[in-house]
>>> print(open('upload-v4.cif').read())   # mmCIF, C-alpha atoms
data_work
loop_
_atom_site.group_PDB
_atom_site.id
_atom_site.type_symbol
_atom_site.label_atom_id
_atom_site.label_comp_id
_atom_site.auth_asym_id
_atom_site.auth_seq_id
_atom_site.Cartn_x
_atom_site.Cartn_y
_atom_site.Cartn_z
ATOM 1 C CA MET T 1 2.391 -1.027 52.101
ATOM 2 C CA GLN T 2 2.191 -3.433 49.147
ATOM 3 C CA ASN T 3 2.374 -1.958 45.657
ATOM 4 C CA ASN T 4 -0.809 -3.630 44.405
ATOM 5 C CA SER T 5 -2.832 -2.489 47.372
ATOM 6 C CA PHE T 6 -1.513 1.061 46.995
ATOM 7 C CA GLU T 7 -2.257 0.998 43.255
ATOM 8 C CA GLN T 8 -5.832 -0.030 44.051
ATOM 9 C CA LYS T 9 -6.186 2.677 46.698
ATOM 10 C CA LEU T 10 -4.896 5.327 44.312
ATOM 11 C CA SER T 11 -7.174 4.093 41.573
ATOM 12 C CA ASP T 12 -10.198 4.225 43.919
ATOM 13 C CA ALA T 13 -9.252 7.676 45.216
ATOM 14 C CA MET T 14 -8.821 9.182 41.771
ATOM 15 C CA ARG T 15 -11.957 7.682 40.230
ATOM 16 C CA CYS T 16 -14.475 10.385 39.445
ATOM 17 C CA GLN T 17 -18.150 9.758 38.802
ATOM 18 C CA ASP T 18 -19.138 13.426 38.828
ATOM 19 C CA SER T 19 -20.583 14.920 35.711
ATOM 20 C CA PRO T 20 -21.168 18.562 34.795
ATOM 21 C CA THR T 21 -24.453 19.979 36.028
ATOM 22 C CA GLN T 22 -27.184 20.781 33.556
ATOM 23 C CA GLN T 23 -26.868 24.453 34.488
ATOM 24 C CA LEU T 24 -23.136 24.423 33.737
ATOM 25 C CA ASN T 25 -23.714 22.826 30.334
ATOM 26 C CA GLN T 26 -26.456 25.338 29.548
ATOM 27 C CA GLN T 27 -24.092 28.202 30.415
ATOM 28 C CA LEU T 28 -21.423 26.607 28.242
ATOM 29 C CA PHE T 29 -23.760 26.200 25.268
ATOM 30 C CA ALA T 30 -24.819 29.831 25.617
ATOM 31 C CA LYS T 31 -21.164 30.921 25.634
ATOM 32 C CA LEU T 32 -20.401 28.648 22.691
ATOM 33 C CA GLN T 33 -23.092 30.422 20.678
ATOM 34 C CA GLY T 34 -21.457 33.767 21.406
ATOM 35 C CA THR T 35 -17.883 32.703 20.629
ATOM 36 C CA PRO T 36 -16.639 33.462 17.140
ATOM 37 C CA SER T 37 -15.506 30.319 15.351
ATOM 38 C CA SER T 38 -11.934 29.616 14.278
ATOM 39 C CA VAL T 39 -12.788 30.305 10.654
ATOM 40 C CA GLN T 40 -13.533 33.937 11.444
ATOM 41 C CA LYS T 41 -10.742 34.552 13.914
ATOM 42 C CA SER T 42 -7.117 33.568 14.079
ATOM 43 C CA THR T 43 -4.463 34.672 16.531
ATOM 44 C CA TYR T 44 -0.885 35.652 15.885
ATOM 45 C CA SER T 45 1.595 36.183 18.678
ATOM 46 C CA ILE T 46 4.188 38.953 18.418
ATOM 47 C CA TRP T 47 6.229 37.948 21.483
ATOM 48 C CA TRP T 48 9.413 38.121 19.435
ATOM 49 C CA LEU T 49 8.884 41.697 18.160
ATOM 50 C CA PRO T 50 10.460 43.750 21.021
ATOM 51 C CA ALA T 51 13.588 41.596 21.032
ATOM 52 C CA VAL T 52 13.925 41.646 17.244
ATOM 53 C CA ALA T 53 13.351 45.426 17.139
ATOM 54 C CA SER T 54 15.894 45.974 19.905
ATOM 55 C CA THR T 55 18.424 43.768 18.085
ATOM 56 C CA LEU T 56 17.910 45.647 14.819
ATOM 57 C CA PHE T 57 18.239 49.108 16.404
ATOM 58 C CA SER T 58 21.314 48.039 18.344
ATOM 59 C CA LEU T 59 22.951 46.561 15.241
ATOM 60 C CA ILE T 60 22.230 49.744 13.252
ATOM 61 C CA SER T 61 23.724 51.865 16.055
ATOM 62 C CA MET T 62 26.769 49.624 16.209
ATOM 63 C CA MET T 63 27.199 49.821 12.434
ATOM 64 C CA TRP T 64 26.842 53.600 12.535
ATOM 65 C CA ALA T 65 29.427 53.827 15.297
ATOM 66 C CA LEU T 66 31.829 51.600 13.374
ATOM 67 C CA LEU T 67 31.550 53.692 10.213
ATOM 68 C CA PHE T 68 31.269 57.251 11.504
ATOM 69 C CA LEU T 69 32.678 57.578 15.026
ATOM 70 C CA PRO T 70 36.292 58.729 15.005
ATOM 71 C CA THR T 71 37.273 57.678 18.541
ATOM 72 C CA THR T 72 37.894 54.090 19.629
ATOM 73 C CA PHE T 73 36.367 54.851 23.030
ATOM 74 C CA GLY T 74 33.091 55.980 21.384
ATOM 75 C CA ARG T 75 32.951 52.870 19.196
ATOM 76 C CA PHE T 76 33.697 50.648 22.159
ATOM 77 C CA SER T 77 31.002 52.312 24.291
ATOM 78 C CA ILE T 78 28.345 51.966 21.596
ATOM 79 C CA PHE T 79 29.367 48.331 21.007
ATOM 80 C CA LEU T 80 29.160 47.601 24.713
ATOM 81 C CA LEU T 81 25.747 49.253 25.027
ATOM 82 C CA GLY T 82 24.442 47.554 21.895
ATOM 83 C CA SER T 83 25.595 44.086 22.877
ATOM 84 C CA HIS T 84 24.132 44.506 26.365
ATOM 85 C CA SER T 85 20.866 45.717 24.900
ATOM 86 C CA ILE T 86 20.646 42.688 22.553
ATOM 87 C CA THR T 87 21.555 40.184 25.279
ATOM 88 C CA PHE T 88 19.129 41.534 27.858
ATOM 89 C CA SER T 89 16.233 42.014 25.456
ATOM 90 C CA TRP T 90 16.465 38.324 24.452
ATOM 91 C CA LEU T 91 16.926 37.316 28.090
ATOM 92 C CA LEU T 92 13.807 39.250 29.122
ATOM 93 C CA THR T 93 11.876 37.744 26.212
ATOM 94 C CA LEU T 94 12.959 34.272 27.294
ATOM 95 C CA ILE T 95 11.870 34.944 30.885
ATOM 96 C CA GLY T 96 8.562 36.340 29.627
ATOM 97 C CA VAL T 97 7.901 33.267 27.497
ATOM 98 C CA LYS T 98 8.933 30.735 30.139
ATOM 99 C CA LYS T 99 7.545 32.345 33.287
ATOM 100 C CA PHE T 100 4.939 34.973 32.390
ATOM 101 C CA ASN T 101 2.882 33.554 29.533
ATOM 102 C CA LEU T 102 4.159 36.196 27.096
ATOM 103 C CA LYS T 103 3.098 34.266 23.988
ATOM 104 C CA THR T 104 -0.620 34.335 24.806
ATOM 105 C CA ALA T 105 -0.498 37.807 26.356
ATOM 106 C CA THR T 106 0.885 39.318 23.140
ATOM 107 C CA ALA T 107 -1.396 37.426 20.748
ATOM 108 C CA LEU T 108 -3.210 39.547 18.185
ATOM 109 C CA SER T 109 -6.646 38.477 16.986
ATOM 110 C CA ILE T 110 -7.053 38.768 13.241
ATOM 111 C CA CYS T 111 -10.517 38.608 11.752
ATOM 112 C CA LYS T 112 -10.629 37.049 8.322
ATOM 113 C CA ASN T 113 -13.248 37.917 5.749
ATOM 114 C CA SER T 114 -14.155 34.731 3.935
ATOM 115 C CA MET N 115 -15.236 21.885 12.714
ATOM 116 C CA GLU N 116 -18.357 23.944 13.382
ATOM 117 C CA ARG N 117 -19.733 25.102 16.712
ATOM 118 C CA GLN N 118 -22.435 22.477 16.424
ATOM 119 C CA GLN N 119 -19.748 19.792 16.306
ATOM 120 C CA ILE N 120 -18.112 21.257 19.428
ATOM 121 C CA ALA N 121 -21.509 20.989 21.121
ATOM 122 C CA THR N 122 -21.552 17.316 20.088
ATOM 123 C CA LEU N 123 -18.100 16.922 21.656
ATOM 124 C CA VAL N 124 -19.476 18.435 24.882
ATOM 125 C CA GLU N 125 -22.198 15.785 24.901
ATOM 126 C CA GLN N 126 -19.791 12.955 24.016
ATOM 127 C CA TYR N 127 -16.780 13.785 26.160
ATOM 128 C CA GLY N 128 -18.212 16.298 28.654
ATOM 129 C CA ASN N 129 -18.227 13.833 31.545
ATOM 130 C CA ALA N 130 -14.665 12.644 30.891
ATOM 131 C CA VAL N 131 -13.359 16.209 30.574
ATOM 132 C CA TYR N 132 -15.265 17.324 33.685
ATOM 133 C CA GLY N 133 -13.901 14.426 35.755
ATOM 134 C CA PHE N 134 -10.394 15.297 34.633
ATOM 135 C CA CYS N 135 -10.942 19.000 35.419
ATOM 136 C CA LEU N 136 -12.364 18.192 38.848
ATOM 137 C CA ARG N 137 -9.439 16.018 39.909
ATOM 138 C CA LEU N 138 -6.922 18.449 38.455
ATOM 139 C CA ALA N 139 -8.420 21.685 39.767
ATOM 140 C CA GLY N 140 -9.306 20.270 43.188
ATOM 141 C CA THR N 141 -12.366 22.459 43.771
ATOM 142 C CA ARG N 142 -15.745 22.380 42.066
ATOM 143 C CA ALA N 143 -15.727 26.104 41.195
ATOM 144 C CA ALA N 144 -12.269 25.862 39.622
ATOM 145 C CA ALA N 145 -13.309 22.691 37.779
ATOM 146 C CA ASP N 146 -16.398 24.439 36.354
ATOM 147 C CA ASP N 147 -14.223 27.301 35.091
ATOM 148 C CA LEU N 148 -11.643 24.954 33.623
ATOM 149 C CA TYR N 149 -14.350 22.857 31.926
ATOM 150 C CA GLN N 150 -15.880 25.917 30.271
ATOM 151 C CA GLN N 151 -12.535 27.403 29.289
ATOM 152 C CA THR N 152 -11.525 24.096 27.687
ATOM 153 C CA PHE N 153 -14.506 23.973 25.365
ATOM 154 C CA LEU N 154 -14.359 27.708 24.604
ATOM 155 C CA LYS N 155 -10.713 27.313 23.647
ATOM 156 C CA ALA N 156 -11.693 24.275 21.582
ATOM 157 C CA VAL N 157 -13.955 26.545 19.509
ATOM 158 C CA GLU N 158 -10.987 28.807 18.781
ATOM 159 C CA LEU N 159 -8.832 25.822 17.856
ATOM 160 C CA ALA N 160 -11.632 23.959 16.090
ATOM 161 C CA HIS N 161 -9.658 23.756 12.857
ATOM 162 C CA LYS N 162 -7.084 21.587 14.662
ATOM 163 C CA ILE N 163 -9.623 19.035 15.925
ATOM 164 C CA ASN N 164 -10.007 15.952 13.793
ATOM 165 C CA PRO N 165 -13.010 13.844 14.870
ATOM 166 C CA ALA N 166 -11.223 10.743 13.560
ATOM 167 C CA GLN N 167 -8.070 11.403 15.598
ATOM 168 C CA ASN N 168 -8.894 11.120 19.292
ATOM 169 C CA PRO N 169 -10.749 14.388 20.043
ATOM 170 C CA LYS N 170 -10.966 13.348 23.719
ATOM 171 C CA GLY N 171 -7.169 13.416 23.921
ATOM 172 C CA PHE N 172 -7.114 16.845 22.301
ATOM 173 C CA LEU N 173 -9.649 18.190 24.816
ATOM 174 C CA LEU N 174 -7.779 16.705 27.788
ATOM 175 C CA ALA N 175 -4.499 18.158 26.503
ATOM 176 C CA LEU N 176 -6.201 21.535 26.162
ATOM 177 C CA ALA N 177 -7.584 21.331 29.713
ATOM 178 C CA ALA N 178 -4.159 20.335 31.071
ATOM 179 C CA LYS N 179 -2.482 23.249 29.265
ATOM 180 C CA ILE N 180 -5.040 25.790 30.504
ATOM 181 C CA TRP N 181 -4.778 24.439 34.060
ATOM 182 C CA GLN N 182 -0.985 24.589 33.926
ATOM 183 C CA ASN N 183 -1.090 28.263 32.871
ATOM 184 C CA CYS N 184 -3.557 29.035 35.661
ATOM 185 C CA TYR N 185 -1.414 27.069 38.130
ATOM 186 C CA VAL N 186 1.634 29.232 37.346
ATOM 187 C CA LYS N 187 -0.386 32.433 37.870
ATOM 188 C CA GLU N 188 -2.019 31.041 41.010
ATOM 189 C CA SER N 189 1.334 29.994 42.514
ATOM 190 C CA ARG N 190 2.710 33.467 41.918
ATOM 191 C CA ARG N 191 -0.383 34.985 43.549
ATOM 192 C CA LYS N 192 -0.100 32.575 46.495
ATOM 193 C CA ARG N 193 3.504 33.609 47.064
ATOM 194 C CA ILE N 194 2.341 37.223 47.422
ATOM 195 C CA ALA N 195 -0.913 36.586 49.319
ATOM 196 C CA PRO N 196 -1.180 33.018 50.632
ATOM 197 C CA CYS N 197 -4.675 31.549 50.816
ATOM 198 C CA GLU N 198 -6.112 28.056 51.125
ATOM 199 C CA PRO N 199 -8.865 26.927 48.726
ATOM 200 C CA PHE N 200 -11.895 25.058 50.021
ATOM 201 C CA PRO N 201 -11.325 21.342 49.435
ATOM 202 C CA LEU N 202 -13.816 19.210 47.508
ATOM 203 C CA GLU N 203 -16.853 18.611 49.645
ATOM 204 C CA ASP N 204 -16.668 14.838 49.915
ATOM 205 C CA THR N 205 -19.840 13.044 50.846
ATOM 206 C CA TYR N 206 -19.528 9.968 52.956
ATOM 207 C CA GLU N 207 -21.574 7.059 51.652
ATOM 208 C CA LEU N 208 -22.325 4.419 54.226
ATOM 209 C CA HIS N 209 -23.468 1.204 52.628
ATOM 210 C CA ASP N 210 -23.098 -1.437 55.303
ATOM 211 C CA SER N 211 -23.515 -0.611 58.959
ATOM 212 C CA SER N 212 -21.456 -3.648 60.042
ATOM 213 C CA ASN N 213 -18.378 -2.242 58.345
ATOM 214 C CA LEU N 214 -19.143 1.336 59.266
ATOM 215 C CA GLN N 215 -15.760 2.110 60.784
ATOM 216 C CA GLN N 216 -13.794 0.432 58.011
ATOM 217 C CA SER N 217 -15.855 2.208 55.365
ATOM 218 C CA LEU N 218 -15.280 5.594 57.000
ATOM 219 C CA GLU N 219 -11.557 4.924 57.337
ATOM 220 C CA GLU N 220 -11.303 3.976 53.672
ATOM 221 C CA GLN N 221 -13.134 7.113 52.594
ATOM 222 C CA GLU N 222 -10.942 9.266 54.811
ATOM 223 C CA GLU N 223 -7.857 7.596 53.348
ATOM 224 C CA ARG N 224 -9.089 8.310 49.817
ATOM 225 C CA GLN N 225 -9.601 11.950 50.761
ATOM 226 C CA VAL N 226 -6.083 12.200 52.207
ATOM 227 C CA LEU N 227 -4.684 10.557 49.063
ATOM 228 C CA ARG N 228 -6.520 13.045 46.838
ATOM 229 C CA GLY N 229 -5.140 15.872 48.976
ATOM 230 C CA GLU N 230 -1.632 14.503 48.471
ATOM 231 C CA VAL N 231 -2.197 14.299 44.697
ATOM 232 C CA ASP N 232 -3.228 17.977 44.806
ATOM 233 C CA ARG N 233 0.101 18.793 46.431
ATOM 234 C CA LEU N 234 2.101 17.163 43.621
ATOM 235 C CA LYS N 235 3.872 19.322 41.056
ATOM 236 C CA PRO N 236 2.037 19.661 37.702
ATOM 237 C CA ALA N 237 4.649 17.490 35.967
ATOM 238 C CA PHE N 238 3.604 14.547 38.201
ATOM 239 C CA ARG N 239 -0.002 15.482 38.875
ATOM 240 C CA ILE N 240 -1.181 15.642 35.241
ATOM 241 C CA PRO N 241 0.051 12.130 34.285
ATOM 242 C CA ILE N 242 -1.447 10.702 37.513
ATOM 243 C CA VAL N 243 -4.861 12.251 36.815
ATOM 244 C CA LEU N 244 -4.766 11.201 33.156
ATOM 245 C CA TYR N 245 -3.801 7.636 34.112
ATOM 246 C CA TYR N 246 -6.133 7.032 37.051
ATOM 247 C CA THR N 247 -9.086 9.376 36.452
ATOM 248 C CA SER N 248 -9.272 9.444 32.657
ATOM 249 C CA GLN N 249 -8.072 5.804 32.449
ATOM 250 C CA LEU N 250 -5.688 6.522 29.560
ATOM 251 C CA SER N 251 -2.806 4.277 28.577
ATOM 252 C CA ILE N 252 0.820 5.396 28.854
ATOM 253 C CA SER N 253 1.123 5.815 25.081
ATOM 254 C CA GLN N 254 -2.034 7.981 24.997
ATOM 255 C CA ILE N 255 -0.673 10.151 27.839
ATOM 256 C CA ALA N 256 2.637 10.439 26.009
ATOM 257 C CA THR N 257 0.810 11.648 22.879
ATOM 258 C CA ILE N 258 -1.281 14.154 24.843
ATOM 259 C CA LEU N 259 1.645 15.619 26.765
ATOM 260 C CA HIS N 260 4.091 15.423 23.826
ATOM 261 C CA LEU N 261 6.506 13.412 25.939
ATOM 262 C CA PRO N 262 8.365 10.135 25.323
ATOM 263 C CA LYS N 263 6.683 7.041 26.816
ATOM 264 C CA GLY N 264 9.665 6.461 29.103
ATOM 265 C CA THR N 265 9.288 9.928 30.627
ATOM 266 C CA VAL N 266 5.587 9.331 31.319
ATOM 267 C CA LYS N 267 6.401 5.947 32.926
ATOM 268 C CA SER N 268 9.114 7.440 35.106
ATOM 269 C CA ARG N 269 6.898 10.374 36.164
ATOM 270 C CA LEU N 270 4.106 7.977 37.111
ATOM 271 C CA PHE N 271 6.557 5.827 39.061
ATOM 272 C CA LYS N 272 8.026 8.859 40.845
ATOM 273 C CA ALA N 273 4.574 10.274 41.614
ATOM 274 C CA ARG N 274 3.427 6.924 43.043
ATOM 275 C CA SER N 275 6.467 6.661 45.279
ATOM 276 C CA ILE N 276 6.033 10.244 46.526
ATOM 277 C CA LEU N 277 2.355 9.579 47.278
ATOM 278 C CA LYS N 278 3.144 6.286 48.971
ATOM 279 C CA GLN N 279 5.790 7.905 51.160
ATOM 280 C CA ARG N 280 3.489 10.773 52.151
ATOM 281 C CA LEU N 281 0.625 8.405 52.877
ATOM 282 C CA GLU N 282 2.878 6.279 55.085
ATOM 283 C CA LYS N 283 4.055 9.422 56.881
ATOM 284 C CA SER N 284 0.431 10.388 57.518
ATOM 285 C CA GLY N 285 -0.083 7.033 59.199
ATOM 286 C CA TYR N 286 -2.276 5.378 56.604
ATOM 287 C CA ALA N 287 0.084 2.521 55.739
ATOM 288 C CA LYS N 288 -1.368 -0.951 56.244
#
>>> encode(input="upload-v4.cif", output="C-alpha cells")
Amino acid sequence: MQNNSFEQKLSDAMRCQDSPTQQLNQQLFAKLQGTPSSVQKSTYSIWWLPAVASTLFSLISMMWALLFLPTTFGRFSIFLLGSHSITFSWLLTLIGVKKFNLKTATALSICKNS
Amino acid sequence: MERQQIATLVEQYGNAVYGFCLRLAGTRAAADDLYQQTFLKAVELAHKINPAQNPKGFLLALAAKIWQNCYVKESRRKRIAPCEPFPLEDTYELHDSSNLQQSLEEQEERQVLRGEVDRLKPAFRIPIVLYYTSQLSISQIATILHLPKGTVKSRLFKARSILKQRLEKSGYAK
C-alpha cells in the first residue's frame, strides 16, 4: 500500500462531521450553571501527606532509638523497621500516583470567600 | 474567565471538541460524557484559560487528559470483567449507484481503520486523533501534550505503520 494513499484513507476515516446534539448542549449549559466557578473553589491535593507523615514518624522513632535504646540489637531493629517503612510508604505513594490517580482522589476542595 | 465565557467557548469550539471526543472515546455515549466532563472541568480551571492563547488547544488537552484517566480505570475494569462496547453506529451513504460496491468497500475500510485506531495505545491514539480529526499541526500537538516535536512525529510515524500493518493483515491493502 502506498504511503500517500494510506495517508488519505486515514484522513478520510478519522474525519468527523458530527456535532453535539442540541439536547446535549442544553444539559451541559444547565450543568454549567450549577457548577461553582474557579474563583469560589480551588483544589489542593494531599497525595504526599501519608508518605511525609510516615517518614517523619519513622525518623523520630529512629532518633529515639539512637539516643535512648541501650542495646545494639534494639537500635538495629528500629532502624530496619523505620527504613522499610519510609521506603515502602514512598513506593506505595509512587504507585498510587502513577497507576491509581491518587493526586485527584486526594484533592481537597477549598472554598474561598472573596 | 466567567461561566458565560465558558458557554461562549462551548459555542465556538463545541463541534471541534465533540469530534475529538467521539473519535477518542469510540462510542457516542462515552463521547457525550467526555464532552460534558471537559467543559465542566474547564469551569473549574477557568482561571488558567486565556482567550488569547489557543483555548481550543487547552480544551482538547483537557479532554485528552480526562479520557486517559478514564482509559486507565476502564482497562483495569476490563481485566477483571471483560466486556465489549457497542461500536459507533456508522451509516452508509450511497451517493452513486454505479459505484455502489466500491463505495461500500471504502466505507467498510474506513470503519475497519477506525476500529484499528481504537485499538491503539493512548500514547499513539491521542496524537493520531489530534492530527487527523482535529487537524492540528505537529507543533500544536506538541504544545497540547507537553511533548517535544520529535516525539510527536515519531509517535505519529509509529502509529501509521502499526495501522498500515494491521490494515494489510485484515486484507484491505490495495
>>> residues_around(input="upload-v4.cif", residues="stretch 5-17 of chain T", least_positions_apart="3", cutoff="10 Å", atoms="all atoms listed in the file", output="NGL selection string")
(:T and (1-2)) or (:N and (129-130 or 132-134 or 136-137 or 220-229 or 231 or 242-249 or 274-275 or 277-278 or 281 or 287-288))
>>> atom_distance(input="upload-v4.cif", atom1="atom CA of N:Lys235", atom2="atom CA of N:Cys184")
13.4 Å
>>> atom_distance(input="upload-v4.cif", atom1="atom CA of N:Ala195", atom2="atom CA of T:Leu102")
22.8 Å
>>> axis_aligned_box(input="upload-v4.cif", around="stretch 272-279 of chain N", padding_each_side="5 Å", output="lines of an AutoDock Vina configuration file")
center_x = 5.2
center_y = 8.3
center_z = 46.0
size_x = 15.7
size_y = 14.0
size_z = 20.3
>>> atom_distance(input="upload-v4.cif", atom1="atom CA of N:Thr152", atom2="atom CA of N:Leu173")
6.8 Å
>>> residues_around(input="upload-v4.cif", residues="N:Ala177", least_positions_apart="3", cutoff="9 Å", atoms="all atoms listed in the file", output="list in words")
Val131, Phe134, Cys135, Leu148, Tyr149, Gln151, Thr152, Phe153, Phe172, Leu173, Leu174, Ile180, Trp181 and Gln182 of chain N
>>> write_last_selection(input="upload-v4.cif", atoms="C-alpha atoms", output="PDB file, in the frame of the given file")
ATOM      1  CA  VAL N 131     -13.359  16.209  30.574  1.00  0.00           C
ATOM      2  CA  PHE N 134     -10.394  15.297  34.633  1.00  0.00           C
ATOM      3  CA  CYS N 135     -10.942  19.000  35.419  1.00  0.00           C
ATOM      4  CA  LEU N 148     -11.643  24.954  33.623  1.00  0.00           C
ATOM      5  CA  TYR N 149     -14.350  22.857  31.926  1.00  0.00           C
ATOM      6  CA  GLN N 151     -12.535  27.403  29.289  1.00  0.00           C
ATOM      7  CA  THR N 152     -11.525  24.096  27.687  1.00  0.00           C
ATOM      8  CA  PHE N 153     -14.506  23.973  25.365  1.00  0.00           C
ATOM      9  CA  PHE N 172      -7.114  16.845  22.301  1.00  0.00           C
ATOM     10  CA  LEU N 173      -9.649  18.190  24.816  1.00  0.00           C
ATOM     11  CA  LEU N 174      -7.779  16.705  27.788  1.00  0.00           C
ATOM     12  CA  ILE N 180      -5.040  25.790  30.504  1.00  0.00           C
ATOM     13  CA  TRP N 181      -4.778  24.439  34.060  1.00  0.00           C
ATOM     14  CA  GLN N 182      -0.985  24.589  33.926  1.00  0.00           C
TER      15      GLN N 182
END
>>> closest_residue(input="upload-v4.cif", among="T:Thr71, T:Ser54, T:Ser85, T:Ser45", to="T:Ala105", atoms="only C-alpha atoms")
T:Ser45
>>> residues_around(input="upload-v4.cif", residues="T:Trp48", least_positions_apart="4", cutoff="10 Å", atoms="all atoms listed in the file", output="VMD selection string")
chain T and resid 52 to 53 89 to 90 93 to 94 97 102 to 103 106
>>> closest_residue(input="upload-v4.cif", among="N:Gly285, N:Pro169, N:Gly128, N:Gly140", to="chain T", atoms="only C-alpha atoms")
N:Gly128
>>> residues_around(input="upload-v4.cif", residues="T:Thr55", least_positions_apart="5", cutoff="10 Å", atoms="only C-alpha atoms", output="PyMOL selection string")
chain T and resi 49-50+60-61+82-83+85-87+89-90
>>> closest_residue(input="upload-v4.cif", among="T:Asn4, T:Gln33, T:Gln23, T:Ser77", to="chain N", atoms="only C-alpha atoms")
T:Gln33
>>> closest_residue(input="upload-v4.cif", among="T:Tyr44, T:Leu108, T:Lys99, T:Ala65", to="chain N", atoms="only C-alpha atoms")
T:Lys99
>>> closest_residue(input="upload-v4.cif", among="N:Ile276, N:Leu159, N:Ala139, N:Ala144", to="chain T", atoms="only C-alpha atoms")
N:Leu159
>>> residues_around(input="upload-v4.cif", residues="T:Met62", least_positions_apart="3", cutoff="7 Å", atoms="only C-alpha atoms", output="PyMOL selection string")
chain T and resi 58-59+65-66+78-79+82
>>> closest_residue(input="upload-v4.cif", among="N:Ile194, N:Leu259, N:Val157, N:Leu270", to="chain T", atoms="only C-alpha atoms")
N:Val157
>>> decode(input="upload-v4.cif", residues="stretch 267-273 of chain N", atoms="all heavy atoms", output="PDB file, in the first residue's frame")
ATOM      1  N   LYS N 267       6.248  13.493  16.263  1.00  0.00           N
ATOM      2  CA  LYS N 267       6.480  12.984  14.892  1.00  0.00           C
ATOM      3  C   LYS N 267       6.702  11.480  14.912  1.00  0.00           C
ATOM      4  O   LYS N 267       6.134  10.743  14.105  1.00  0.00           O
ATOM      5  CB  LYS N 267       7.736  13.662  14.314  1.00  0.00           C
ATOM      6  CG  LYS N 267       7.427  14.909  13.520  1.00  0.00           C
ATOM      7  CD  LYS N 267       8.705  15.377  12.866  1.00  0.00           C
ATOM      8  CE  LYS N 267       8.607  16.838  12.499  1.00  0.00           C
ATOM      9  NZ  LYS N 267       9.872  17.380  12.019  1.00  0.00           N
ATOM     10  N   SER N 268       7.539  11.028  15.860  1.00  0.00           N
ATOM     11  CA  SER N 268       7.852   9.594  15.875  1.00  0.00           C
ATOM     12  C   SER N 268       6.624   8.774  16.283  1.00  0.00           C
ATOM     13  O   SER N 268       6.410   7.677  15.757  1.00  0.00           O
ATOM     14  CB  SER N 268       9.037   9.291  16.785  1.00  0.00           C
ATOM     15  OG  SER N 268       8.693   9.534  18.110  1.00  0.00           O
ATOM     16  N   ARG N 269       5.800   9.317  17.193  1.00  0.00           N
ATOM     17  CA  ARG N 269       4.590   8.576  17.597  1.00  0.00           C
ATOM     18  C   ARG N 269       3.605   8.486  16.433  1.00  0.00           C
ATOM     19  O   ARG N 269       2.974   7.452  16.236  1.00  0.00           O
ATOM     20  CB  ARG N 269       3.924   9.257  18.795  1.00  0.00           C
ATOM     21  CG  ARG N 269       4.671   8.956  20.064  1.00  0.00           C
ATOM     22  CD  ARG N 269       3.940   9.433  21.277  1.00  0.00           C
ATOM     23  NE  ARG N 269       4.784   9.273  22.449  1.00  0.00           N
ATOM     24  CZ  ARG N 269       4.419   9.620  23.670  1.00  0.00           C
ATOM     25  NH1 ARG N 269       3.245  10.140  23.880  1.00  0.00           N
ATOM     26  NH2 ARG N 269       5.233   9.443  24.687  1.00  0.00           N
ATOM     27  N   LEU N 270       3.498   9.581  15.676  1.00  0.00           N
ATOM     28  CA  LEU N 270       2.606   9.559  14.510  1.00  0.00           C
ATOM     29  C   LEU N 270       3.100   8.544  13.489  1.00  0.00           C
ATOM     30  O   LEU N 270       2.313   7.770  12.929  1.00  0.00           O
ATOM     31  CB  LEU N 270       2.536  10.949  13.873  1.00  0.00           C
ATOM     32  CG  LEU N 270       1.638  11.976  14.560  1.00  0.00           C
ATOM     33  CD1 LEU N 270       1.820  13.347  13.950  1.00  0.00           C
ATOM     34  CD2 LEU N 270       0.177  11.574  14.466  1.00  0.00           C
ATOM     35  N   PHE N 271       4.414   8.545  13.269  1.00  0.00           N
ATOM     36  CA  PHE N 271       5.009   7.620  12.296  1.00  0.00           C
ATOM     37  C   PHE N 271       4.761   6.173  12.725  1.00  0.00           C
ATOM     38  O   PHE N 271       4.338   5.334  11.921  1.00  0.00           O
ATOM     39  CB  PHE N 271       6.508   7.917  12.168  1.00  0.00           C
ATOM     40  CG  PHE N 271       7.214   7.008  11.218  1.00  0.00           C
ATOM     41  CD1 PHE N 271       7.117   7.211   9.843  1.00  0.00           C
ATOM     42  CD2 PHE N 271       7.966   5.934  11.681  1.00  0.00           C
ATOM     43  CE1 PHE N 271       7.767   6.359   8.958  1.00  0.00           C
ATOM     44  CE2 PHE N 271       8.605   5.083  10.805  1.00  0.00           C
ATOM     45  CZ  PHE N 271       8.513   5.296   9.440  1.00  0.00           C
ATOM     46  N   LYS N 272       5.024   5.910  14.024  1.00  0.00           N
ATOM     47  CA  LYS N 272       4.851   4.555  14.556  1.00  0.00           C
ATOM     48  C   LYS N 272       3.382   4.131  14.456  1.00  0.00           C
ATOM     49  O   LYS N 272       3.085   3.009  14.040  1.00  0.00           O
ATOM     50  CB  LYS N 272       5.322   4.548  16.012  1.00  0.00           C
ATOM     51  CG  LYS N 272       5.284   3.203  16.710  1.00  0.00           C
ATOM     52  CD  LYS N 272       6.545   2.431  16.493  1.00  0.00           C
ATOM     53  CE  LYS N 272       6.418   0.981  16.915  1.00  0.00           C
ATOM     54  NZ  LYS N 272       6.375   0.777  18.346  1.00  0.00           N
ATOM     55  N   ALA N 273       2.486   5.054  14.838  1.00  0.00           N
ATOM     56  CA  ALA N 273       1.054   4.734  14.796  1.00  0.00           C
ATOM     57  C   ALA N 273       0.616   4.419  13.371  1.00  0.00           C
ATOM     58  O   ALA N 273      -0.123   3.448  13.148  1.00  0.00           O
ATOM     59  CB  ALA N 273       0.247   5.898  15.350  1.00  0.00           C
TER      60      ALA N 273
END
